[in-house]
Amino acid sequence: MKAAAARAAIAHVPAGSVVGVGTGSTANYFIDALGEIRGRIEGAVASSEATATRLKALGIPVLELNDVSEMPVYVDGADEITANLAMIKGGGGALTREKIVGAVAGKFICIADDSKLVDVLGRFPLPVEVIPMAQAHVARQLVKLGGQPVLRAGFRTDNGNIILDVRGLKIVDPSGLESEINQIAGVVTVGLFAKRPADVLLLGTAGGVETRCHPA
Ligand code: 5RP
């Protein structure tokens, strides 16, 4: 189902464009499919070092985001997604670069299998990227918000930071909580993608790939 959703995303890639590429197992299926049409695109912007390595291995030119003036689509997976296309991301730890590349793209296309579709975000622990010296302070603030933060052991992001995975949050107002957590000093990025949700969800199901568009 992940692979089918990833393959369906190829139809959303305009010829001659620069494509933003996410991180994770579903994104990896998309990279493989992109490799098959590499002659039809200018190149890709990667959301992580792992994605850049995989793109290059398939002969797809990897461009720096600062050198790109237009990027029609960004394609990435999610850990959870709602009917409003708000997401939790960062299970793979690439949330900061994912949010940056997604922000630049004209359209955010989420590719996911149907286990990722939820009514309310928060069963999946919410990843928060944090400057290491702020770990204790940020953890205390997250506890005040009702969460139980746990340090992702032995993990550093591509930006050299740590991740706190926060359990116990029932996220009824994803956009409000995204703002609130972003305000905590020492937080680099929260893995809530609600202010800039996906525009299109390609959902792999047992019956095929469903296309859902943002309701706005
Ligand atoms: C990585 C992510 C991924 O998109 C998310 O973890 C989903 O991964 P997968 O496609 O392997 O299920 O946000 O930081």
# chains A, B, ... in the order shown; residues from 1 in each chain; ligands from 1
>>> closest_atom_pairs(of="chain A", to="ligand 1", cutoff="9 Å", atoms="only C-alpha atoms and all ligand atoms", output="Markdown table")
| residue | atom | partner | partner_atom_place_in_ligand_line | distance |
| --- | --- | --- | --- | --- |
| A:Lys2 | CA | ligand 1 | 10 (O) | 7.4 |
| A:Gly22 | CA | ligand 1 | 4 (O) | 6.4 |
| A:Thr23 | CA | ligand 1 | 1 (C) | 4.9 |
| A:Gly24 | CA | ligand 1 | 11 (O) | 3.9 |
| A:Ser25 | CA | ligand 1 | 11 (O) | 3.6 |
| A:Thr26 | CA | ligand 1 | 10 (O) | 3.7 |
| A:Ala27 | CA | ligand 1 | 10 (O) | 5.8 |
| A:Asn28 | CA | ligand 1 | 10 (O) | 7.7 |
| A:Tyr29 | CA | ligand 1 | 10 (O) | 8.8 |
| A:Ser47 | CA | ligand 1 | 14 (O) | 8.7 |
| A:Ser48 | CA | ligand 1 | 14 (O) | 8.5 |
| A:Asp76 | CA | ligand 1 | 4 (O) | 5.5 |
| A:Gly77 | CA | ligand 1 | 4 (O) | 3.6 |
| A:Ala78 | CA | ligand 1 | 4 (O) | 4.1 |
| A:Asp79 | CA | ligand 1 | 7 (C) | 4.6 |
| A:Glu80 | CA | ligand 1 | 7 (C) | 8.1 |
| A:Ile88 | CA | ligand 1 | 13 (O) | 7.3 |
| A:Lys89 | CA | ligand 1 | 13 (O) | 3.7 |
| A:Gly90 | CA | ligand 1 | 14 (O) | 3.4 |
| A:Gly91 | CA | ligand 1 | 6 (O) | 3.6 |
| A:Gly92 | CA | ligand 1 | 14 (O) | 3.6 |
| A:Gly93 | CA | ligand 1 | 14 (O) | 4.3 |
| A:Ala94 | CA | ligand 1 | 14 (O) | 3.9 |
| A:Leu95 | CA | ligand 1 | 14 (O) | 4.9 |
| A:Thr96 | CA | ligand 1 | 14 (O) | 8.4 |
| A:Arg97 | CA | ligand 1 | 14 (O) | 8.8 |
| A:Glu98 | CA | ligand 1 | 14 (O) | 7.1 |
| A:Cys110 | CA | ligand 1 | 4 (O) | 8.5 |
| A:Ile111 | CA | ligand 1 | 10 (O) | 7.9 |
| A:Ala112 | CA | ligand 1 | 10 (O) | 6.8 |
| A:Asp113 | CA | ligand 1 | 12 (O) | 8.1 |
| A:Lys116 | CA | ligand 1 | 12 (O) | 8.1 |
| A:Pro127 | CA | ligand 1 | 14 (O) | 8.9 |
| A:Gly191 | CA | ligand 1 | 13 (O) | 7.7 |
>>> residues_around(residues="Ile162 of chain A", least_positions_apart="3", cutoff="7 Å", atoms="only C-alpha atoms", output="VMD selection string")
chain A and resid 129 to 132 155 to 157
>>> write_last_selection(atoms="all heavy atoms", output="PDB file, in the first residue's frame")
ATOM      1  N   GLU A 129      12.096  18.350  17.780  1.00  0.00           N
ATOM      2  CA  GLU A 129      13.556  18.518  17.672  1.00  0.00           C
ATOM      3  C   GLU A 129      13.969  19.672  18.574  1.00  0.00           C
ATOM      4  O   GLU A 129      13.361  20.753  18.546  1.00  0.00           O
ATOM      5  CB  GLU A 129      13.971  18.790  16.216  1.00  0.00           C
ATOM      6  CG  GLU A 129      15.490  18.950  16.094  1.00  0.00           C
ATOM      7  CD  GLU A 129      16.007  18.870  14.663  1.00  0.00           C
ATOM      8  OE1 GLU A 129      15.265  18.464  13.748  1.00  0.00           O
ATOM      9  OE2 GLU A 129      17.196  19.221  14.472  1.00  0.00           O
ATOM     10  N   VAL A 130      15.014  19.439  19.370  1.00  0.00           N
ATOM     11  CA  VAL A 130      15.393  20.363  20.441  1.00  0.00           C
ATOM     12  C   VAL A 130      16.906  20.586  20.424  1.00  0.00           C
ATOM     13  O   VAL A 130      17.682  19.642  20.216  1.00  0.00           O
ATOM     14  CB  VAL A 130      14.969  19.760  21.815  1.00  0.00           C
ATOM     15  CG1 VAL A 130      15.452  20.606  22.980  1.00  0.00           C
ATOM     16  CG2 VAL A 130      13.455  19.569  21.877  1.00  0.00           C
ATOM     17  N   ILE A 131      17.313  21.840  20.671  1.00  0.00           N
ATOM     18  CA  ILE A 131      18.739  22.143  20.876  1.00  0.00           C
ATOM     19  C   ILE A 131      19.183  21.403  22.155  1.00  0.00           C
ATOM     20  O   ILE A 131      18.503  21.502  23.185  1.00  0.00           O
ATOM     21  CB  ILE A 131      18.925  23.665  21.078  1.00  0.00           C
ATOM     22  CG1 ILE A 131      18.411  24.451  19.861  1.00  0.00           C
ATOM     23  CG2 ILE A 131      20.372  24.011  21.435  1.00  0.00           C
ATOM     24  CD1 ILE A 131      19.298  24.474  18.660  1.00  0.00           C
ATOM     25  N   PRO A 132      20.292  20.638  22.088  1.00  0.00           N
ATOM     26  CA  PRO A 132      20.640  19.764  23.224  1.00  0.00           C
ATOM     27  C   PRO A 132      20.641  20.458  24.589  1.00  0.00           C
ATOM     28  O   PRO A 132      20.145  19.904  25.584  1.00  0.00           O
ATOM     29  CB  PRO A 132      22.026  19.238  22.847  1.00  0.00           C
ATOM     30  CG  PRO A 132      22.003  19.224  21.346  1.00  0.00           C
ATOM     31  CD  PRO A 132      21.191  20.420  20.930  1.00  0.00           C
ATOM     32  N   PHE A 155      20.203   9.066  19.318  1.00  0.00           N
ATOM     33  CA  PHE A 155      19.832   9.645  18.022  1.00  0.00           C
ATOM     34  C   PHE A 155      20.202  11.120  17.962  1.00  0.00           C
ATOM     35  O   PHE A 155      19.969  11.868  18.909  1.00  0.00           O
ATOM     36  CB  PHE A 155      18.315   9.495  17.802  1.00  0.00           C
ATOM     37  CG  PHE A 155      17.858   9.961  16.440  1.00  0.00           C
ATOM     38  CD1 PHE A 155      17.915   9.121  15.341  1.00  0.00           C
ATOM     39  CD2 PHE A 155      17.395  11.262  16.251  1.00  0.00           C
ATOM     40  CE1 PHE A 155      17.512   9.545  14.087  1.00  0.00           C
ATOM     41  CE2 PHE A 155      16.991  11.701  15.001  1.00  0.00           C
ATOM     42  CZ  PHE A 155      17.044  10.835  13.916  1.00  0.00           C
ATOM     43  N   ARG A 156      20.800  11.528  16.859  1.00  0.00           N
ATOM     44  CA  ARG A 156      21.017  12.950  16.554  1.00  0.00           C
ATOM     45  C   ARG A 156      20.411  13.221  15.198  1.00  0.00           C
ATOM     46  O   ARG A 156      20.516  12.387  14.282  1.00  0.00           O
ATOM     47  CB  ARG A 156      22.505  13.294  16.507  1.00  0.00           C
ATOM     48  CG  ARG A 156      23.182  13.301  17.873  1.00  0.00           C
ATOM     49  CD  ARG A 156      22.926  14.597  18.625  1.00  0.00           C
ATOM     50  NE  ARG A 156      23.247  14.429  20.039  1.00  0.00           N
ATOM     51  CZ  ARG A 156      23.584  15.418  20.861  1.00  0.00           C
ATOM     52  NH1 ARG A 156      23.621  16.660  20.419  1.00  0.00           N
ATOM     53  NH2 ARG A 156      23.846  15.190  22.116  1.00  0.00           N
ATOM     54  N   THR A 157      19.788  14.372  15.036  1.00  0.00           N
ATOM     55  CA  THR A 157      19.231  14.729  13.730  1.00  0.00           C
ATOM     56  C   THR A 157      20.355  15.138  12.776  1.00  0.00           C
ATOM     57  O   THR A 157      21.503  15.351  13.196  1.00  0.00           O
ATOM     58  CB  THR A 157      18.247  15.905  13.856  1.00  0.00           C
ATOM     59  OG1 THR A 157      18.995  17.084  14.183  1.00  0.00           O
ATOM     60  CG2 THR A 157      17.193  15.639  14.917  1.00  0.00           C
TER      61      THR A 157
END
>>> closest_residue(among="A:Val143, A:Met133, A:Val13, A:Leu121", to="Asn161 of chain A", atoms="only C-alpha atoms")
A:Met133
>>> residues_around(residues="Lys107 of chain A", least_positions_apart="6", cutoff="7 Å", atoms="only C-alpha atoms", output="PyMOL selection string")
chain A and resi 72-74+199
>>> closest_residue(among="A:Ile109, A:Leu203, A:Ala185, A:Leu58", to="Ile37 of chain A", atoms="only C-alpha atoms")
A:Leu58
>>> residues_around(residues="Ser179 of chain A", least_positions_apart="4", cutoff="12 Å", atoms="only C-alpha atoms", output="PyMOL selection string")
chain A and resi 173-175+183-184+187+189-196
>>> closest_residue(among="A:Ala9, A:Met1, A:Ile163, A:Leu85", to="Val128 of chain A", atoms="only C-alpha atoms")
A:Ile163
